[in-house]
Every structure is written in structure tokens, then in C-alpha cells.
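Since the structure comes first, as C-alpha cells, the remarks are kept for the end.
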Amino acid sequence: MSSNHPRILREHKTIDLMIRIYCQGQHRSEGAVCQSCQTLRDYAHLRLEKCPYQEKKTTCANCPTHCYKKSMREQVKIMMRYAGPRMMLQHPWYAILHLIDGFRKPVELPHKIKTQENE
Ligand SMILES: [Zn+2]
């Protein structure tokens with residue numbers, strides 16, 4: 001079940017834009033992204049669809065719930081470190097909105113999801 005909330009739709013779009021910047025810059029892909037970036041992209045979209053906060057979410061980097069598995073978390077960090085600053089130049093509107101999303105305080109979930117980090 002995926003959300004049609006504009007906030008979530010934009011977040012899906014932001015993921016696509018960032019992964020494309022990263023893959024074109026680092027893997028020299030043209031048009032479609034390479035296989036490993038496609039895997040990362042699918043995973044990121046899936047996590048977003050399953051995000052318990054949905055349109056109330058902060059940005060993934062500021063979220064107290066670590067829903068990415070470790071290997072994917074490392075990959076997405078590397079990808080964002082590269083694509084983040086380039087988003088400002090290529091897609092400033094998405095970059096600014098994403099920055100604003102990051103100022104949201106994470107909401108308390110009715111059933112608090114515990115992660116290994118805060119146990
Ligand atoms: Zn790639």
C-alpha cells in the first residue's frame with residue numbers, strides 16, 4: 001500500500017533524482033541507472049512505502065527509526081553524500097523542500113518501534 005500524499009510522492013521523486021545524479025556522476029550511466037543503483041533505488045522506494053511516519057516523517061537522515069538494513073544504509077549514505085550538494089545546483093527546488101522537511105520534529109508513534117540503537 002503506497003501513499004498518494006504529495007509529501008510522499010515528492011520524496012519518491014527526490015530519491016529518483018538523487019540516484020540518477022549519483023549514477024551518472026559515479027558510474028557514467030546515461031538514461032537508466034545501472035543495476036546496483038536500481039537495486040538501491042527499489043530498496044529506498046520500498047522503505048518509504050513502509051515508513052510508519054508517512055507524510056509526518058522527517059527526512060531519513062534525521063529519523064530516530066533506522067529502518068534501512070546495514071548494507072543498504074551504507075550505500076545510501078555514500079549516494080547521498082555525493083548527490084546532496086549536487087541537488088542544490090540541479091534541482092534546487094527539491095533540495096530546499098527536502099531541507100525544510102528535515103526541520104520537522106519526528107512524531108511519536110503509537111506503538112514505539114524500538115531499534116537496536118536505542119535499546
Ligand atoms: Zn550506478
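Chain lettering (A, B, ...) mirrors the order of the C-alpha cells, residue numbering begins at 1 for each chain separately, and ligand numbering begins at 1 in order of display.
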(Q) If the limit is 7 Å from any atom of ligand 1, counting only C-alpha atoms and all ligand atoms, which residues qualify? Return them as a PyMOL selection string. (A) chain A and resi 22-24+26-27+29+33-37
Could the residues in this selection be saved with N, CA, C and O atoms as a PDB file, in the first residue's frame?
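The resulting again_29.pdb:
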```pdb
ATOM      1  N   TYR A  22      23.815  10.561  -8.829  1.00  0.00           N
ATOM      2  CA  TYR A  22      24.913   9.725  -8.335  1.00  0.00           C
ATOM      3  C   TYR A  22      25.393   8.753  -9.405  1.00  0.00           C
ATOM      4  O   TYR A  22      26.597   8.634  -9.670  1.00  0.00           O
ATOM      5  N   CYS A  23      24.467   8.068 -10.045  1.00  0.00           N
ATOM      6  CA  CYS A  23      24.843   7.047 -11.019  1.00  0.00           C
ATOM      7  C   CYS A  23      25.482   7.672 -12.262  1.00  0.00           C
ATOM      8  O   CYS A  23      26.479   7.166 -12.769  1.00  0.00           O
ATOM      9  N   GLN A  24      24.922   8.790 -12.720  1.00  0.00           N
ATOM     10  CA  GLN A  24      25.515   9.443 -13.894  1.00  0.00           C
ATOM     11  C   GLN A  24      26.921   9.948 -13.589  1.00  0.00           C
ATOM     12  O   GLN A  24      27.821   9.845 -14.405  1.00  0.00           O
ATOM     13  N   GLN A  26      29.018   8.936 -10.976  1.00  0.00           N
ATOM     14  CA  GLN A  26      29.964   7.947 -10.478  1.00  0.00           C
ATOM     15  C   GLN A  26      30.075   6.705 -11.356  1.00  0.00           C
ATOM     16  O   GLN A  26      31.092   6.025 -11.351  1.00  0.00           O
ATOM     17  N   HIS A  27      29.009   6.354 -12.030  1.00  0.00           N
ATOM     18  CA  HIS A  27      29.016   5.114 -12.816  1.00  0.00           C
ATOM     19  C   HIS A  27      28.884   5.385 -14.310  1.00  0.00           C
ATOM     20  O   HIS A  27      28.720   4.455 -15.091  1.00  0.00           O
ATOM     21  N   SER A  29      26.534   6.317 -16.132  1.00  0.00           N
ATOM     22  CA  SER A  29      25.345   5.785 -16.802  1.00  0.00           C
ATOM     23  C   SER A  29      24.669   6.912 -17.582  1.00  0.00           C
ATOM     24  O   SER A  29      24.774   8.077 -17.235  1.00  0.00           O
ATOM     25  N   VAL A  33      19.555   4.098 -14.790  1.00  0.00           N
ATOM     26  CA  VAL A  33      20.653   3.890 -13.848  1.00  0.00           C
ATOM     27  C   VAL A  33      21.150   2.448 -13.950  1.00  0.00           C
ATOM     28  O   VAL A  33      20.467   1.584 -14.497  1.00  0.00           O
ATOM     29  N   CYS A  34      22.365   2.202 -13.424  1.00  0.00           N
ATOM     30  CA  CYS A  34      22.951   0.868 -13.519  1.00  0.00           C
ATOM     31  C   CYS A  34      22.242  -0.117 -12.583  1.00  0.00           C
ATOM     32  O   CYS A  34      21.425   0.279 -11.760  1.00  0.00           O
ATOM     33  N   GLN A  35      22.608  -1.378 -12.689  1.00  0.00           N
ATOM     34  CA  GLN A  35      21.920  -2.426 -11.932  1.00  0.00           C
ATOM     35  C   GLN A  35      22.013  -2.233 -10.419  1.00  0.00           C
ATOM     36  O   GLN A  35      21.020  -2.355  -9.709  1.00  0.00           O
ATOM     37  N   SER A  36      23.198  -1.884  -9.914  1.00  0.00           N
ATOM     38  CA  SER A  36      23.334  -1.764  -8.464  1.00  0.00           C
ATOM     39  C   SER A  36      22.576  -0.539  -7.954  1.00  0.00           C
ATOM     40  O   SER A  36      22.003  -0.552  -6.864  1.00  0.00           O
ATOM     41  N   CYS A  37      22.555   0.551  -8.735  1.00  0.00           N
ATOM     42  CA  CYS A  37      21.780   1.722  -8.342  1.00  0.00           C
ATOM     43  C   CYS A  37      20.283   1.433  -8.421  1.00  0.00           C
ATOM     44  O   CYS A  37      19.502   1.930  -7.622  1.00  0.00           O
TER      45      CYS A  37
END
```
Q.
Need to verify the contact set: Leu109 in chain A, 12 Å, only C-alpha atoms, exclusion of same-chain residues closer than 6 positions in sequence. Can you return it as a PyMOL selection string?
A. chain A and resi 51-54+56-57+64-65
Checklist entry - So which residues of range 66-98 of chain A fall under helix (DSSP H, G or I) by DSSP, listed as a ChimeraX atom specification? => result /A:70-90,92-98
Tell me which of A:Cys63, A:Ile78, A:His45, A:Phe103 sits closest to Leu9 in chain A, counting only C-alpha atoms.
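That would be A:His45, the residue with the smallest distance to Leu9 in chain A.
Take CA of Asn62 in chain A and CA of Arg20 in chain A: the distance between them is 22.5 Å.
Distances from A:Lys105, A:His66, A:Arg28, A:Arg41 to Lys13 in chain A were compared using only C-alpha atoms, and the smallest one belongs to A:Arg41.
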Tell me which of A:Cys67, A:Gln38, A:Ser3, A:Leu99 sits closest to Met87 in chain A, counting only C-alpha atoms.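 The shortest atom-to-atom distance to Met87 in chain A comes from A:Leu99.
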- Proximity to Tyr82 in chain A - best of A:Leu46, A:Cys60, A:Val107, A:Ile21, only C-alpha atoms: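 The answer is A:Ile21, which sits nearest to Tyr82 in chain A.
Counting only C-alpha atoms and comparing A:Asn4, A:Thr59, A:Ser71, A:Thr14, the residue that lies closest to Pro106 in chain A is A:Thr59.
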- Would you list the contacts of Gly84 in chain A as an MDAnalysis selection string, taking every protein, DNA or RNA residue within 9 Å and counting only C-alpha atoms, but skipping same-chain residues closer than 5 positions in sequence? chainID A and resid 18 79 95
